[in-house]
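Written out below as C-alpha cells is the structure these notes cover.
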There are 2 protein chains.
Amino acid sequence: MNGIRILLVDDHPVVRAGLRAMLTEFEGISVAAEAADGDAALKELKRLQILGDPVHVVLMDLQMGAGMDGVTATSQIRLLDDPPPVLILTTYDTDADILAAVEAGASGYMLKDAPPEQIHHAVLAAAAGQTALAPRVAALLMGRINNPAPTLTRREVQLLELLATGLSNRAIAKQIFISEATVKTHLVHIYGKLGVDNRTAAIAAATQRRIIRAPGQQA
Amino acid sequence: MNGIRILLVDDHPVVRAGLRAMLTEFEGISVAAEAADGDAALKELKRLQILGDPVHVVLMDLQMGAGMDGVTATSQIRLLDDPPPVLILTTYDTDADILAAVEAGASGYMLKDAPPEQIHHAVLAAAAGQTALAPRVAALLMGRINNPAPTLTRREVQLLELLATGLSNRAIAKQIFISEATVKTHLVHIYGKLGVDNRTAAIAAATQRRIIRAPGQQA
DNA sequence: CCCCCTATCAACCTTTTGGTTGACCCGGAC
DNA sequence: GTCCGGGTCAACCAAAAGGTTGATAGGGGG
C-alpha cells in the first residue's frame, strides 16, 4: 500500500495502543512500528530503512521514563539520511519543552488531550512536509514573541541546581568557591527573570519550565 | 453477554482509545462507557445503573485537567448504592497520590506504563472484589514497613505540597485558614521527620522519597 | 482515667533571606 | 576606544524563616 507509514514512540503501552487504534481508523495511515524509547526508535528507523520500508512520520512522546528522552531522540533522528519528520505528541505545553523540541528539529507539537481529528490532521500535515502546532501551543509561541523569554546564564542555572538540592546561600557559596554576597546577587537576578520572590518559588518555576530537573529526580 | 463491563475515565482521548483497544482484546471484557472527568463518570454510572446495565469496574485516571479529579470522583462513586470497585490507573506513584486514592476507596492502583497483561489482570482482580497493586506500588508500600520511613501526617503532607509551589508561610496560612504560627510549628515537625533544616531541603527530601510530586509537576 | 499524638496558636529571639546600592574586573560588540 | 553584560564582592536594612517554650483541645489506646 502507499499510505502514510508511522513510527510510534512512547513508553506507555496504553498510549501506543490508543494511537494505533485511533490512527488506523483513518484511511491511508498505518503503523509501521512501535518503540518504547529513543534508542529503540532509532533502531527501528534504521532497520526499516534498510528493509526499504521507510517510515513517513515519527510520532514521538517527550517524557520517556528511563530511556533516551524525546528531544534527544529527535535530534538523533534528524541526523539520519533522509530523516522523516518528527511530530511531538506530549502532555505538557511548557515553553521550555516546546522550544527544545523545535530546536531539536521537530516539525510539529501536539498535546495528548487533543481530539483524534486534530492528531490525524497533524500527521497528514507532517507527512506533507508542513508544520503542525496545537492551537494552544501556537498561541503560546505567539505570546513569546512579544514577551521575550527569560534567558538564564549558565552560572544562574548552576545556582538553581544547587538551590534545588536544599543548600543554604552559605553552603552554595562554599560549594562553588564564591562569596555569599555573590550568591545573593545571582539569586536576585534569578528571581527577577523568573518573576518570583523567593527560592522555593524559583525552584518551582524553574522545574516547571524544565530549566532544571526536579529535585532528587534523575532516574 | 455476561463479561466484565468497564467504565473508562480519563481526560485524554488517546488513552481511552488505548485502554479500549487493549482491554477488548481479552475475552470477557467490554467497555460500557467512557468519561473525560469525574462529573461525567458519575453521570454515566447513574445512567447505566438506571438502565439496569451496571458497570463492574471503573478504570480511573487521577489527574484530569479541568474537571473533577480522580480522588474526588472515587470518593463520590463509593457513596453510590452498590458501587463498583474503582481501579486507579495513573502516571505517578508518589505516596501522596497512592494514599489519597486508597483512602478515597480505590481497590487498586496501577501505573500507565504497565504491560497490557498486568492491567488485564488488575481489572479481573478488581471485578472479583480483590485489590490489585502495581508491583512498583506494592514494593513501595512494602519498603515502608521495613524502612521506618518518617511517617508524616496528612496535614504535614498537605503543607509540603503547598511549600513546593513556592508559597511563603503567610501565604500557606491564608490558603488553609490557619495561623502563621501553626504553619511554622508544622514545618518544624516536618524538618525533624525528614532530617533537614530548611524548606528547600524539605522539598528535595520529600520529592526524593516520593512523598510529594516534583514542584511544578502537579498539573 | 490518663497519656500520647495531632493540630492549633502565641511570644520571643536568632539566623537566613531578600532587596538595594554601589563597586570592580573582564571580554566581546559596536 | 567605549559600552555592555556577566561575574564577582561589600555594606546595609527589612522581611521572612528557623528554633524554642509553653499552652489549649480533641481523639484514641492502654
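Starting from 1 in every chain, residues are counted up; chains themselves are A, B, ... following the order of the C-alpha cells, and ligands are numbered from 1 as listed.
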
Both chains have the same sequence, so match all Cα atoms in order, fit chain B onto chain A by least squares, and return it as a tab-separated table (two decimals) with C-alpha atoms, in the first residue's frame.
chain	number	residue	atom	x	y	z
B	1	MET	CA	1.15	0.91	0.32
B	2	ASN	CA	2.40	4.48	0.04
B	3	GLY	CA	0.89	6.02	3.18
B	4	ILE	CA	2.70	7.69	6.02
B	5	ARG	CA	4.86	5.28	7.99
B	6	ILE	CA	5.31	6.16	11.66
B	7	LEU	CA	7.71	5.19	14.42
B	8	LEU	CA	6.13	5.34	17.90
B	9	VAL	CA	8.49	6.09	20.79
B	10	ASP	CA	6.99	5.90	24.28
B	11	ASP	CA	7.89	3.87	27.34
B	12	HIS	CA	4.24	3.08	28.16
B	13	PRO	CA	2.77	0.11	26.30
B	14	VAL	CA	-0.65	1.58	26.95
B	15	VAL	CA	0.17	4.81	25.17
B	16	ARG	CA	1.78	3.01	22.23
B	17	ALA	CA	-1.30	0.85	21.83
B	18	GLY	CA	-3.48	3.95	22.03
B	19	LEU	CA	-1.57	5.82	19.37
B	20	ARG	CA	-1.51	2.80	17.14
B	21	ALA	CA	-5.24	2.30	17.47
B	22	MET	CA	-5.96	5.98	17.13
B	23	LEU	CA	-3.80	6.65	14.09
B	24	THR	CA	-4.43	3.52	12.08
B	25	GLU	CA	-8.09	4.46	12.04
B	26	PHE	CA	-7.17	7.20	9.63
B	27	GLU	CA	-6.52	6.35	6.01
B	28	GLY	CA	-2.95	6.48	4.79
B	29	ILE	CA	-1.20	6.06	8.12
B	30	SER	CA	0.57	2.97	9.32
B	31	VAL	CA	2.82	2.20	12.25
B	32	ALA	CA	6.17	0.95	11.00
B	33	ALA	CA	7.59	0.17	14.42
B	34	GLU	CA	7.49	0.93	18.14
B	35	ALA	CA	10.26	1.70	20.63
B	36	ALA	CA	10.27	2.08	24.39
B	37	ASP	CA	13.12	4.58	24.60
B	38	GLY	CA	15.53	6.68	22.58
B	39	ASP	CA	18.12	3.96	22.08
B	40	ALA	CA	15.59	1.51	20.75
B	41	ALA	CA	14.15	4.23	18.51
B	42	LEU	CA	17.52	4.89	16.89
B	43	LYS	CA	18.08	1.20	16.33
B	44	GLU	CA	14.65	0.83	14.73
B	45	LEU	CA	15.24	3.82	12.47
B	46	LYS	CA	18.55	2.49	11.24
B	47	ARG	CA	17.15	-0.99	10.76
B	48	LEU	CA	14.24	0.27	8.70
B	49	GLN	CA	16.47	2.59	6.71
B	50	ILE	CA	18.72	-0.32	5.74
B	51	LEU	CA	15.67	-2.33	4.75
B	52	GLY	CA	14.73	0.46	2.39
B	53	ASP	CA	11.58	0.94	4.41
B	54	PRO	CA	12.16	4.36	5.95
B	55	VAL	CA	9.71	5.94	8.42
B	56	HIS	CA	8.18	9.27	7.48
B	57	VAL	CA	7.44	10.63	10.95
B	58	VAL	CA	8.70	9.88	14.45
B	59	LEU	CA	6.17	10.32	17.26
B	60	MET	CA	8.22	10.87	20.39
B	61	ASP	CA	7.48	11.14	24.10
B	62	LEU	CA	9.82	13.28	26.17
B	63	GLN	CA	9.87	11.54	29.54
B	64	MET	CA	10.98	7.99	29.19
B	65	GLY	CA	11.83	6.43	32.52
B	66	ALA	CA	15.16	4.70	32.46
B	67	GLY	CA	16.22	4.94	28.81
B	68	MET	CA	17.48	7.82	26.68
B	69	ASP	CA	15.12	10.78	27.01
B	70	GLY	CA	13.17	12.27	24.16
B	71	VAL	CA	15.19	15.46	23.72
B	72	THR	CA	18.46	13.56	23.46
B	73	ALA	CA	16.86	11.06	21.13
B	74	THR	CA	15.55	13.86	18.93
B	75	SER	CA	19.00	15.40	18.62
B	76	GLN	CA	20.45	12.01	17.72
B	77	ILE	CA	17.80	11.39	15.10
B	78	ARG	CA	18.44	14.74	13.47
B	79	LEU	CA	22.06	13.70	12.98
B	80	LEU	CA	21.12	10.74	10.79
B	81	ASP	CA	21.22	10.83	7.01
B	82	ASP	CA	17.93	12.09	5.65
B	83	PRO	CA	16.30	12.19	9.08
B	84	PRO	CA	12.52	11.97	9.46
B	85	PRO	CA	10.70	14.85	11.19
B	86	VAL	CA	10.23	14.31	14.91
B	87	LEU	CA	6.87	15.18	16.39
B	88	ILE	CA	6.91	15.50	20.18
B	89	LEU	CA	3.87	14.12	21.99
B	90	THR	CA	4.08	14.64	25.71
B	91	THR	CA	2.16	15.49	28.85
B	92	TYR	CA	3.86	18.70	29.90
B	93	ASP	CA	3.80	22.12	28.30
B	94	THR	CA	6.47	23.96	30.25
B	95	ASP	CA	8.78	26.44	28.57
B	96	ALA	CA	11.80	24.38	29.43
B	97	ASP	CA	10.42	21.27	27.75
B	98	ILE	CA	9.16	23.06	24.68
B	99	LEU	CA	12.29	25.09	24.09
B	100	ALA	CA	14.55	22.11	24.64
B	101	ALA	CA	12.56	20.05	22.16
B	102	VAL	CA	12.54	22.75	19.51
B	103	GLU	CA	16.25	23.35	19.96
B	104	ALA	CA	16.83	19.64	19.55
B	105	GLY	CA	15.18	19.85	16.16
B	106	ALA	CA	11.62	18.74	16.80
B	107	SER	CA	9.20	19.80	14.09
B	108	GLY	CA	6.13	19.78	16.29
B	109	TYR	CA	4.94	19.72	19.88
B	110	MET	CA	1.61	18.12	20.82
B	111	LEU	CA	0.06	17.31	24.17
B	112	LYS	CA	-1.26	13.91	25.10
B	113	ASP	CA	-4.67	15.20	26.07
B	114	ALA	CA	-5.25	16.38	22.53
B	115	PRO	CA	-8.19	14.89	20.60
B	116	PRO	CA	-7.38	12.31	17.90
B	117	GLU	CA	-8.07	14.64	14.98
B	118	GLN	CA	-5.56	17.12	16.29
B	119	ILE	CA	-2.87	14.48	16.58
B	120	HIS	CA	-3.76	13.16	13.16
B	121	HIS	CA	-3.50	16.60	11.69
B	122	ALA	CA	-0.14	17.15	13.36
B	123	VAL	CA	1.20	13.92	11.90
B	124	LEU	CA	0.10	14.95	8.40
B	125	ALA	CA	1.70	18.36	8.85
B	126	ALA	CA	4.95	16.84	10.09
B	127	ALA	CA	5.03	14.39	7.18
B	128	ALA	CA	4.58	17.31	4.80
B	129	GLY	CA	7.58	19.04	6.33
B	130	GLN	CA	5.52	21.63	8.18
B	131	THR	CA	5.60	22.42	11.88
B	132	ALA	CA	2.68	21.56	14.13
B	133	LEU	CA	2.10	23.09	17.53
B	134	ALA	CA	-0.70	22.26	19.92
B	135	PRO	CA	-3.03	25.25	20.30
B	136	ARG	CA	-2.08	25.60	23.93
B	137	VAL	CA	1.61	25.53	23.07
B	138	ALA	CA	1.16	28.01	20.24
B	139	ALA	CA	-0.83	30.31	22.51
B	140	LEU	CA	1.88	30.05	25.11
B	141	LEU	CA	4.55	31.05	22.62
B	142	MET	CA	2.38	33.87	21.30
B	143	GLY	CA	1.76	35.20	24.76
B	144	ARG	CA	5.52	35.35	25.18
B	145	ILE	CA	5.83	37.81	22.32
B	146	ASN	CA	3.37	40.41	23.60
B	147	ASN	CA	3.99	39.87	27.29
B	148	PRO	CA	7.62	40.77	27.63
B	149	ALA	CA	8.22	37.69	29.69
B	150	PRO	CA	11.47	37.81	31.58
B	151	THR	CA	13.80	36.07	29.21
B	152	LEU	CA	15.95	33.68	31.17
B	153	THR	CA	19.06	32.23	29.61
B	154	ARG	CA	19.49	28.48	29.23
B	155	ARG	CA	21.97	28.50	32.05
B	156	GLU	CA	19.55	30.31	34.32
B	157	VAL	CA	16.78	27.85	33.58
B	158	GLN	CA	19.18	25.04	34.32
B	159	LEU	CA	19.99	26.64	37.66
B	160	LEU	CA	16.30	26.99	38.42
B	161	GLU	CA	15.72	23.32	37.74
B	162	LEU	CA	18.44	22.32	40.14
B	163	LEU	CA	17.18	24.87	42.63
B	164	ALA	CA	13.75	23.27	42.56
B	165	THR	CA	15.15	19.90	43.54
B	166	GLY	CA	16.21	21.42	46.85
B	167	LEU	CA	19.95	21.64	46.28
B	168	SER	CA	22.07	24.21	48.13
B	169	ASN	CA	24.24	26.69	46.24
B	170	ARG	CA	27.27	24.59	46.95
B	171	ALA	CA	25.58	21.42	45.73
B	172	ILE	CA	24.49	23.16	42.55
B	173	ALA	CA	28.00	24.43	42.00
B	174	LYS	CA	29.45	20.94	42.26
B	175	GLN	CA	26.73	19.49	40.06
B	176	ILE	CA	27.51	21.69	37.06
B	177	PHE	CA	31.19	22.34	37.78
B	178	ILE	CA	31.14	26.05	38.49
B	179	SER	CA	32.01	27.97	41.64
B	180	GLU	CA	29.57	28.84	44.38
B	181	ALA	CA	30.17	32.50	43.56
B	182	THR	CA	28.90	31.98	40.05
B	183	VAL	CA	25.83	30.21	41.33
B	184	LYS	CA	25.07	33.21	43.49
B	185	THR	CA	25.57	35.57	40.57
B	186	HIS	CA	23.13	33.57	38.45
B	187	LEU	CA	20.64	33.53	41.28
B	188	VAL	CA	20.81	37.29	41.67
B	189	HIS	CA	20.04	37.63	37.97
B	190	ILE	CA	17.19	35.15	38.22
B	191	TYR	CA	15.69	36.94	41.20
B	192	GLY	CA	15.86	40.20	39.32
B	193	LYS	CA	14.17	38.83	36.24
B	194	LEU	CA	11.44	37.08	38.16
B	195	GLY	CA	10.91	39.94	40.58
B	196	VAL	CA	11.55	37.92	43.72
B	197	ASP	CA	14.17	37.97	46.43
B	198	ASN	CA	14.68	34.41	47.55
B	199	ARG	CA	14.96	30.94	46.13
B	200	THR	CA	11.63	29.55	47.19
B	201	ALA	CA	9.80	32.49	45.67
B	202	ALA	CA	11.84	32.00	42.50
B	203	ILE	CA	10.71	28.40	42.30
B	204	ALA	CA	7.09	29.38	42.85
B	205	ALA	CA	7.27	32.10	40.19
B	206	ALA	CA	9.07	29.88	37.70
B	207	THR	CA	6.61	27.07	38.24
B	208	GLN	CA	3.66	29.38	37.85
B	209	ARG	CA	5.01	30.78	34.60
B	210	ARG	CA	5.78	27.29	33.41
B	211	ILE	CA	9.46	28.03	33.04
B	212	ILE	CA	10.17	24.84	34.93
B	213	ARG	CA	8.06	21.88	35.98
B	214	ALA	CA	6.84	21.57	39.53
B	215	PRO	CA	9.42	20.30	42.01
B	216	GLY	CA	9.33	16.55	42.33
B	217	GLN	CA	7.44	16.36	39.09
B	218	GLN	CA	10.40	15.86	36.81
B	219	ALA	CA	10.52	12.07	36.82

Residue set, stretch 8-90 of chain B restricted to alpha helix (DSSP H), as an MDAnalysis selection string: chainID B and resid 13:23 38:50 70:78

Can you write out as a Markdown table which residues of chain D fall within 8 Å of chain A, alongside each residue's closest atom pair and its distance in Å to one decimal, counting only C-alpha atoms (C1' of nucleotides) and ordering rows by chain and ascending residue number?
| residue | atom | partner | partner_atom | distance |
| --- | --- | --- | --- | --- |
| D:DT8 | C1' | A:Thr182 | CA | 6.4 |
| D:DC9 | C1' | A:Ala181 | CA | 6.4 |
| D:DA10 | C1' | A:Ala181 | CA | 7.5 |

N, CA and C atoms (P, O5', C5', C4', C3', O3' and C1' of nucleotides) of the current selection, written as a PDB file, in the first residue's frame:
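Once everything was written out, this is part-v3.pdb:
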ATOM      1  P    DT D   8      31.000  34.012  39.729  1.00  0.00           P
ATOM      2  O5'  DT D   8      31.603  35.187  40.616  1.00  0.00           O
ATOM      3  C5'  DT D   8      32.980  35.490  40.544  1.00  0.00           C
ATOM      4  C4'  DT D   8      33.268  36.833  41.196  1.00  0.00           C
ATOM      5  C3'  DT D   8      32.855  36.965  42.652  1.00  0.00           C
ATOM      6  O3'  DT D   8      33.888  36.481  43.504  1.00  0.00           O
ATOM      7  C1'  DT D   8      32.495  38.980  41.414  1.00  0.00           C
ATOM      8  P    DC D   9      33.588  36.157  45.032  1.00  0.00           P
ATOM      9  O5'  DC D   9      33.274  37.591  45.656  1.00  0.00           O
ATOM     10  C5'  DC D   9      34.362  38.464  45.937  1.00  0.00           C
ATOM     11  C4'  DC D   9      33.850  39.823  46.378  1.00  0.00           C
ATOM     12  C3'  DC D   9      33.144  39.867  47.734  1.00  0.00           C
ATOM     13  O3'  DC D   9      34.081  40.242  48.741  1.00  0.00           O
ATOM     14  C1'  DC D   9      32.169  41.337  46.100  1.00  0.00           C
ATOM     15  P    DA D  10      33.632  40.211  50.293  1.00  0.00           P
ATOM     16  O5'  DA D  10      33.011  41.655  50.541  1.00  0.00           O
ATOM     17  C5'  DA D  10      33.647  42.808  50.033  1.00  0.00           C
ATOM     18  C4'  DA D  10      32.922  44.060  50.507  1.00  0.00           C
ATOM     19  C3'  DA D  10      32.258  43.916  51.874  1.00  0.00           C
ATOM     20  O3'  DA D  10      32.588  45.039  52.680  1.00  0.00           O
ATOM     21  C1'  DA D  10      30.655  44.617  50.263  1.00  0.00           C
TER      22       DA D  10
END

For the contact check between chain C and chain B, emit one row per residue of chain C within 12 Å, containing the shortest atom pair and the distance in Å rounded to one decimal, counting only C-alpha atoms (C1' of nucleotides), chain then rising number order, as JSON lines.
{"residue": "C:DC5", "atom": "C1'", "partner": "B:Thr153", "partner_atom": "CA", "distance": 10.3}
{"residue": "C:DT6", "atom": "C1'", "partner": "B:Thr153", "partner_atom": "CA", "distance": 8.1}
{"residue": "C:DA7", "atom": "C1'", "partner": "B:Thr182", "partner_atom": "CA", "distance": 8.3}
{"residue": "C:DT8", "atom": "C1'", "partner": "B:Thr182", "partner_atom": "CA", "distance": 6.4}
{"residue": "C:DC9", "atom": "C1'", "partner": "B:Ala181", "partner_atom": "CA", "distance": 6.4}
{"residue": "C:DA10", "atom": "C1'", "partner": "B:Ala181", "partner_atom": "CA", "distance": 7.6}
{"residue": "C:DA11", "atom": "C1'", "partner": "B:Ala181", "partner_atom": "CA", "distance": 10.2}
{"residue": "C:DT15", "atom": "C1'", "partner": "B:Asn198", "partner_atom": "CA", "distance": 11.6}
{"residue": "C:DT16", "atom": "C1'", "partner": "B:Asn198", "partner_atom": "CA", "distance": 9.8}
{"residue": "C:DT17", "atom": "C1'", "partner": "B:Asn198", "partner_atom": "CA", "distance": 11.6}

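Within the 12 Å cut-off around C:DC2, using only C-alpha atoms (C1' of nucleotides) and omitting residues fewer than 6 positions from it on the same chain, the listed residues are DG28, DG29 and DG30 of chain D.
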
Interatomic distance (Å, one decimal) between atom C1' of C:DC12 and atom C1' of D:DA15: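 A separation of 16.7 Å between them.
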